[in-house]
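The file coords23.pdb comes next; it holds PDB, C-alpha atoms.
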ATOM      1  CA  MET B1106      46.467  13.052   3.780
ATOM      2  CA  ILE B1107      43.180  12.376   2.049
ATOM      3  CA  ARG B1108      40.186  12.070   4.371
ATOM      4  CA  ILE B1109      36.718  11.575   2.897
ATOM      5  CA  ILE B1110      33.655  11.503   5.139
ATOM      6  CA  SER B1111      30.279   9.894   4.486
ATOM      7  CA  ASP B1112      27.301   9.345   6.793
ATOM      8  CA  ARG B1113      28.894   6.455   8.692
ATOM      9  CA  LEU B1114      32.446   6.276   7.394
ATOM     10  CA  LEU B1115      35.795   7.976   7.348
ATOM     11  CA  ILE B1116      37.776   6.861   4.316
ATOM     12  CA  ARG B1117      41.379   7.905   4.625
ATOM     13  CA  ASP B1118      44.964   7.304   3.605
ATOM     14  CA  HIS B1119      46.696   4.664   5.658
ATOM     15  CA  ILE B1120      48.762   5.207   8.781
ATOM     16  CA  GLU B1121      51.263   2.851  10.438
ATOM     17  CA  GLU B1122      48.779   2.067  13.217
ATOM     18  CA  ASP B1123      46.592   0.245  10.655
ATOM     19  CA  LEU B1124      48.998  -2.699  10.516
ATOM     20  CA  ASN B1125      47.380  -5.183  12.906
ATOM     21  CA  THR B1126      43.793  -4.658  11.796
ATOM     22  CA  MET B1127      44.816  -4.575   8.149
ATOM     23  CA  HIS B1128      46.733  -7.828   8.644
ATOM     24  CA  GLU B1129      43.666  -9.428  10.228
ATOM     25  CA  LEU B1130      41.746  -8.643   7.033
ATOM     26  CA  LEU B1131      44.488  -9.433   4.502
ATOM     27  CA  SER B1132      45.350 -12.773   6.077
ATOM     28  CA  SER B1133      41.754 -14.011   6.358
ATOM     29  CA  GLU B1134      41.172 -17.003   4.111
ATOM     30  CA  LYS B1135      37.412 -16.421   3.994
ATOM     31  CA  THR B1136      37.500 -12.675   3.397
ATOM     32  CA  MET B1137      40.211 -12.940   0.752
ATOM     33  CA  PHE B1138      38.768 -16.034  -0.971
ATOM     34  CA  TYR B1139      38.200 -14.153  -4.253
ATOM     35  CA  LEU B1140      41.491 -12.231  -3.970
ATOM     36  CA  PRO B1141      44.161 -14.829  -3.158
ATOM     37  CA  GLU B1142      46.823 -12.796  -4.944
ATOM     38  CA  ILE B1143      46.403 -10.070  -2.302
ATOM     39  CA  ARG B1144      46.061 -12.380   0.704
ATOM     40  CA  THR B1145      49.070 -12.262   3.003
ATOM     41  CA  LYS B1146      50.642 -15.170   4.835
ATOM     42  CA  ASN B1147      52.302 -13.265   7.671
ATOM     43  CA  LEU B1148      52.587  -9.892   9.368
ATOM     44  CA  ASN B1149      55.658  -8.926   7.321
ATOM     45  CA  GLU B1150      53.753  -9.319   4.037
ATOM     46  CA  SER B1151      50.917  -7.186   5.418
ATOM     47  CA  LYS B1152      53.474  -4.597   6.553
ATOM     48  CA  GLU B1153      54.861  -4.471   3.007
ATOM     49  CA  ASN B1154      51.348  -3.848   1.632
ATOM     50  CA  LEU B1155      50.748  -1.130   4.192
ATOM     51  CA  GLN B1156      54.062   0.534   3.338
ATOM     52  CA  ILE B1157      53.164   0.578  -0.365
ATOM     53  CA  ALA B1158      49.900   2.360   0.505
ATOM     54  CA  ILE B1159      51.693   4.875   2.741
ATOM     55  CA  ASP B1160      54.409   5.524   0.135
ATOM     56  CA  GLU B1161      51.843   5.950  -2.635
ATOM     57  CA  ALA B1162      49.939   8.499  -0.514
ATOM     58  CA  SER B1163      53.007  10.739  -0.435
ATOM     59  CA  SER B1164      53.856  10.303  -4.127
ATOM     60  CA  THR B1165      53.874  13.503  -6.169
ATOM     61  CA  ASN B1166      52.427  11.701  -9.201
ATOM     62  CA  ARG B1167      49.997   9.476  -7.379
ATOM     63  CA  SER B1168      48.282   6.784  -9.429
ATOM     64  CA  LYS B1169      47.067   4.493  -6.621
ATOM     65  CA  PHE B1170      44.739   5.542  -3.855
ATOM     66  CA  PHE B1171      44.597   2.739  -1.280
ATOM     67  CA  PHE B1172      42.314   3.820   1.545
ATOM     68  CA  ALA B1173      41.325   2.434   4.924
ATOM     69  CA  ILE B1174      37.588   2.332   5.563
ATOM     70  CA  THR B1175      36.903   3.207   9.196
ATOM     71  CA  ASP B1176      33.853   3.892  11.316
ATOM     72  CA  ARG B1177      33.427   7.652  11.392
ATOM     73  CA  PHE B1178      32.514   7.736  15.076
ATOM     74  CA  THR B1179      34.635   4.988  16.650
ATOM     75  CA  ASN B1180      37.579   4.972  14.211
ATOM     76  CA  SER B1181      37.282   1.161  14.072
ATOM     77  CA  TYR B1182      38.929  -0.347  11.015
ATOM     78  CA  ILE B1183      36.406  -1.940   8.620
ATOM     79  CA  GLY B1184      38.316  -2.683   5.442
ATOM     80  CA  GLU B1185      39.901  -1.437   2.259
ATOM     81  CA  ILE B1186      38.848   0.503  -0.801
ATOM     82  CA  GLY B1187      41.064   1.701  -3.588
ATOM     83  CA  LEU B1188      41.284   3.566  -6.857
ATOM     84  CA  THR B1189      43.993   2.871  -9.413
ATOM     85  CA  LYS B1190      44.557   4.939 -12.554
ATOM     86  CA  LEU B1191      44.460   2.588 -15.525
ATOM     87  CA  ASN B1192      44.720   5.174 -18.262
ATOM     88  CA  GLU B1193      45.481   8.872 -18.264
ATOM     89  CA  ASN B1194      44.813  10.862 -21.417
ATOM     90  CA  LYS B1195      43.795  14.354 -22.540
ATOM     91  CA  TYR B1196      40.107  13.578 -21.863
ATOM     92  CA  GLY B1197      40.660  12.421 -18.292
ATOM     93  CA  ASN B1198      41.447   9.338 -16.260
ATOM     94  CA  VAL B1199      40.064   5.828 -16.407
ATOM     95  CA  ILE B1200      40.170   4.422 -12.894
ATOM     96  CA  ASP B1201      39.733   0.937 -11.442
ATOM     97  CA  LEU B1202      37.752   0.538  -8.205
ATOM     98  CA  GLY B1203      38.424  -2.260  -5.727
ATOM     99  CA  TYR B1204      37.128  -3.077  -2.246
ATOM    100  CA  PHE B1205      37.035  -5.699   0.490
ATOM    101  CA  ILE B1206      36.001  -5.548   4.133
ATOM    102  CA  LYS B1207      36.002  -7.662   7.278
ATOM    103  CA  GLU B1208      33.356 -10.375   7.299
ATOM    104  CA  ILE B1209      31.547  -8.973  10.351
ATOM    105  CA  PHE B1210      30.605  -5.930   8.241
ATOM    106  CA  TRP B1211      29.252  -7.837   5.219
ATOM    107  CA  GLY B1212      25.659  -7.123   4.218
ATOM    108  CA  LYS B1213      25.410  -3.749   5.990
ATOM    109  CA  GLY B1214      25.751  -1.439   2.995
ATOM    110  CA  ILE B1215      29.216  -0.310   4.003
ATOM    111  CA  VAL B1216      30.924  -1.171   0.714
ATOM    112  CA  THR B1217      28.171   0.574  -1.236
ATOM    113  CA  GLU B1218      28.467   3.689   0.938
ATOM    114  CA  ALA B1219      32.269   3.683   0.747
ATOM    115  CA  SER B1220      32.193   3.130  -3.014
ATOM    116  CA  LYS B1221      29.744   5.981  -3.596
ATOM    117  CA  THR B1222      31.995   8.225  -1.552
ATOM    118  CA  VAL B1223      35.229   7.394  -3.397
ATOM    119  CA  ILE B1224      33.524   7.424  -6.810
ATOM    120  CA  ASN B1225      32.275  10.917  -6.073
ATOM    121  CA  TYR B1226      35.789  11.874  -4.932
ATOM    122  CA  ALA B1227      37.299  10.473  -8.155
ATOM    123  CA  PHE B1228      34.873  12.310 -10.426
ATOM    124  CA  GLU B1229      35.244  15.597  -8.538
ATOM    125  CA  ASN B1230      38.972  15.572  -7.745
ATOM    126  CA  LEU B1231      40.904  13.206 -10.009
ATOM    127  CA  ASN B1232      39.801  14.295 -13.493
ATOM    128  CA  THR B1233      38.069  10.935 -13.895
ATOM    129  CA  ILE B1234      35.908  10.191 -16.924
ATOM    130  CA  LYS B1235      35.292   6.483 -16.329
ATOM    131  CA  ILE B1236      35.403   4.050 -13.419
ATOM    132  CA  GLU B1237      35.715   0.317 -13.987
ATOM    133  CA  THR B1238      35.473  -2.660 -11.687
ATOM    134  CA  GLY B1239      34.724  -6.337 -11.878
ATOM    135  CA  CYS B1240      34.606  -9.604 -10.017
ATOM    136  CA  ILE B1241      34.316 -13.319 -10.401
ATOM    137  CA  GLU B1242      30.701 -13.982 -11.309
ATOM    138  CA  ASP B1243      30.223 -16.238  -8.266
ATOM    139  CA  ASN B1244      30.987 -13.276  -5.990
ATOM    140  CA  LYS B1245      27.355 -12.135  -5.895
ATOM    141  CA  GLY B1246      27.890  -9.699  -3.009
ATOM    142  CA  SER B1247      30.485  -7.738  -4.938
ATOM    143  CA  GLU B1248      28.398  -7.695  -8.098
ATOM    144  CA  ARG B1249      25.370  -6.517  -6.101
ATOM    145  CA  VAL B1250      27.412  -3.502  -4.963
ATOM    146  CA  MET B1251      28.200  -2.627  -8.584
ATOM    147  CA  ILE B1252      24.520  -2.794  -9.479
ATOM    148  CA  LYS B1253      23.521  -0.650  -6.459
ATOM    149  CA  LEU B1254      26.059   1.946  -7.598
ATOM    150  CA  GLY B1255      24.289   2.209 -10.942
ATOM    151  CA  MET B1256      27.228   0.727 -12.805
ATOM    152  CA  ILE B1257      26.585  -0.884 -16.164
ATOM    153  CA  LYS B1258      27.747  -4.374 -17.065
ATOM    154  CA  GLU B1259      30.081  -4.166 -20.038
ATOM    155  CA  ILE B1260      31.468  -7.650 -20.412
ATOM    156  CA  ASP B1261      30.914 -11.250 -19.364
ATOM    157  CA  TYR B1262      34.209 -13.086 -19.605
ATOM    158  CA  LYS B1263      33.746 -16.838 -19.808
ATOM    159  CA  ARG B1264      36.245 -19.050 -18.007
ATOM    160  CA  GLN B1265      38.556 -16.057 -17.539
ATOM    161  CA  ILE B1266      40.056 -16.435 -14.067
ATOM    162  CA  VAL B1267      41.811 -19.352 -12.405
ATOM    163  CA  LEU B1268      40.938 -19.362  -8.726
ATOM    164  CA  HIS B1269      41.856 -22.187  -6.381
ATOM    165  CA  THR B1270      42.573 -24.519  -9.345
ATOM    166  CA  GLN B1271      39.216 -23.868 -11.067
ATOM    167  CA  LEU B1272      38.229 -21.649 -13.994
ATOM    168  CA  TYR B1273      35.629 -18.994 -13.204
ATOM    169  CA  ASP B1274      33.640 -16.514 -15.243
ATOM    170  CA  ARG B1275      34.291 -12.801 -14.616
ATOM    171  CA  VAL B1276      32.036  -9.776 -15.038
ATOM    172  CA  LYS B1277      33.156  -6.221 -15.705
ATOM    173  CA  TYR B1278      31.181  -3.059 -14.930
ATOM    174  CA  ARG B1279      31.708   0.591 -15.783
ATOM    175  CA  LEU B1280      30.436   4.025 -14.926
ATOM    176  CA  PHE B1281      31.020   7.173 -16.992
ATOM    177  CA  LYS B1282      31.075  10.545 -15.251
ATOM    178  CA  GLU B1283      27.920  11.654 -17.068
ATOM    179  CA  GLU B1284      26.119   8.529 -15.792
ATOM    180  CA  TRP B1285      26.929   9.290 -12.155
ATOM    181  CA  LYS B1286      23.921  10.496 -10.216
TER     182      LYS B1286
END
Step by step, read the file and then write its structure as structure tokens.
Amino acid sequence: MIRIISDRLLIRDHIEEDLNTMHELLSSEKTMFYLPEIRTKNLNESKENLQIAIDEASSTNRSKFFFAITDRFTNSYIGEIGLTKLNENKYGNVIDLGYFIKEIFWGKGIVTEASKTVINYAFENLNTIKIETGCIEDNKGSERVMIKLGMIKEIDYKRQIVLHTQLYDRVKYRLFKEEWK
């Protein structure tokens, strides 16, 4: 089981006991507004997502690292952060970063702290050469995290994503290992 510690957080592989708090997050219309494809409608759908994360954690050729973000001192569940291998080649891995947390924790630097921690883990332990992430341009909080991480905007996609029956612009950021501070 992977367990990564930062100043305030314990970022770890999922356990079955995460189900109810994970479901609270995944089923929230407000929290999952920008990620409707991940939003769950019922406890069974959330259980399926949790099982995928647990199964992936025990995979011998792991390509997805779906972690729970918890408070280091209280073990309270905060949200999700994940790394997914997009490309594996002789030079190293290109990995996608994703994150979302409960609304009560927004604006407290938790996603930035969690992201720094898993980025460092990826560069040190997963033979990573590049990390990518992106968001709908209207999701200013998510883009602010990317900027705070020192990521570099690579692309502005115009009218790229259909969300709730509207077309939205999308931004994409990257970070090479040699750019990581």
Using Å and a single decimal, report how far atom CA of Lys1146 of chain B sits from atom CA of Ser1132 of chain B.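 Computed distance, atom CA of Ser1132 of chain B to atom CA of Lys1146 of chain B, equals 5.9 Å.
The closest residue to Phe1178 of chain B, picked from B:Glu1237, B:Asp1261, B:Arg1113, B:Leu1191 and counting all atoms listed in the file, is B:Arg1113.
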Quick one: which segment 1166-1192 of chain B residues come within 8 Å of segment 1200-1214 of chain B, and what is the nearest atom pair for each with the distance in Å to one decimal, counting all atoms listed in the file, rows ordered by chain and ascending number, as CSV?
residue,atom,partner,partner_atom,distance
B:Ile1183,CA,B:Ile1206,CA,5.8
B:Gly1184,CA,B:Ile1206,CA,3.9
B:Glu1185,CA,B:Phe1205,CA,5.4
B:Ile1186,CA,B:Tyr1204,CA,4.2
B:Gly1187,CA,B:Gly1203,CA,5.2
B:Leu1188,CA,B:Leu1202,CA,4.8
B:Thr1189,CA,B:Asp1201,CA,5.1
B:Lys1190,CA,B:Ile1200,CA,4.4
B:Leu1191,CA,B:Ile1200,CA,5.4
B:Asn1192,CA,B:Ile1200,CA,7.1
Would you mind reading off the distance between atom CA of Arg1279 of chain B and atom CA of Gln1156 of chain B, one decimal, in Å?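 Result for atom CA of Arg1279 of chain B versus atom CA of Gln1156 of chain B: 29.4 Å, one decimal.
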Dig up all the protein and nucleic acid residues within 10 Å of (28.8, -11.7, -12.1) in the file frame, using all atoms listed in the file, and format them as a list in words.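 Nearby residues: Gly1239, Cys1240, Ile1241, Glu1242, Asp1243, Asn1244, Lys1245, Gly1246, Ser1247, Glu1248, Arg1249, Met1251, Lys1258, Ile1260, Asp1261, Tyr1262, Asp1274, Arg1275, Val1276, Lys1277 and Tyr1278 of chain B.
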Between B:Leu1124, B:Ala1158, B:Gly1197, B:Ile1143, which one has atoms that come closest to Asn1230 of chain B, using only C-alpha atoms?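 Checking each of B:Leu1124, B:Ala1158, B:Gly1197, B:Ile1143 against Asn1230 of chain B, counting only C-alpha atoms, the winner is B:Gly1197.
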Just how far from atom CA of Thr1179 of chain B is atom CA of Thr1222 of chain B, in Å to one decimal? 18.7 Å
Using only C-alpha atoms, collect all residues at a distance of at most 12 Å from (48.0, 2.9, 11.3) as written in the file, then present them as a ChimeraX atom specification. /B:1117-1128,1152,1155-1156,1158-1159,1172-1175,1180-1182
Using only C-alpha atoms, the best pick from B:Lys1135, B:Gln1271, B:Met1106, B:Glu1129 as closest to Ser1164 of chain B would be B:Met1106
Edge lengths and centre, in Å to one decimal, as JSON: that's what I need for the box along x, y and z that holds all listed atoms of segment 1232-1242 of chain B plus 6 Å on each side.
{"center_x": 35.3, "center_y": 0.2, "center_z": -13.5, "size_x": 21.1, "size_y": 40.3, "size_z": 18.9}
Shortest interatomic distance to Arg1108 of chain B - which of B:Asn1149, B:Lys1195, B:Glu1134, B:Tyr1226, counting all atoms listed in the file: B:Tyr1226
Nearest to Ser1168 of chain B among B:Met1256, B:Val1199, B:Ile1109, B:Leu1115, with distances taken over only C-alpha atoms: which residue is it?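 Closest candidate: B:Val1199.
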Run through the PyMOL selection byres ((chain B and resi 1254) around 9) on the given coordinates and return the selected residues as number ranges by chain. B: 1217, 1220-1221, 1249-1253, 1255-1256, 1280, 1285
Using all atoms listed in the file, which of the listed residues (B:Arg1167, B:Ile1116, B:Ile1107, B:Lys1263) sits closest to Ala1219 of chain B? B:Ile1116
Skipping near chain neighbours, those fewer than 4 positions away, what residues fall within 6 Å of Leu1114 of chain B using all atoms listed in the file, listed as an NGL selection string? :B and (1110 or 1175-1177)
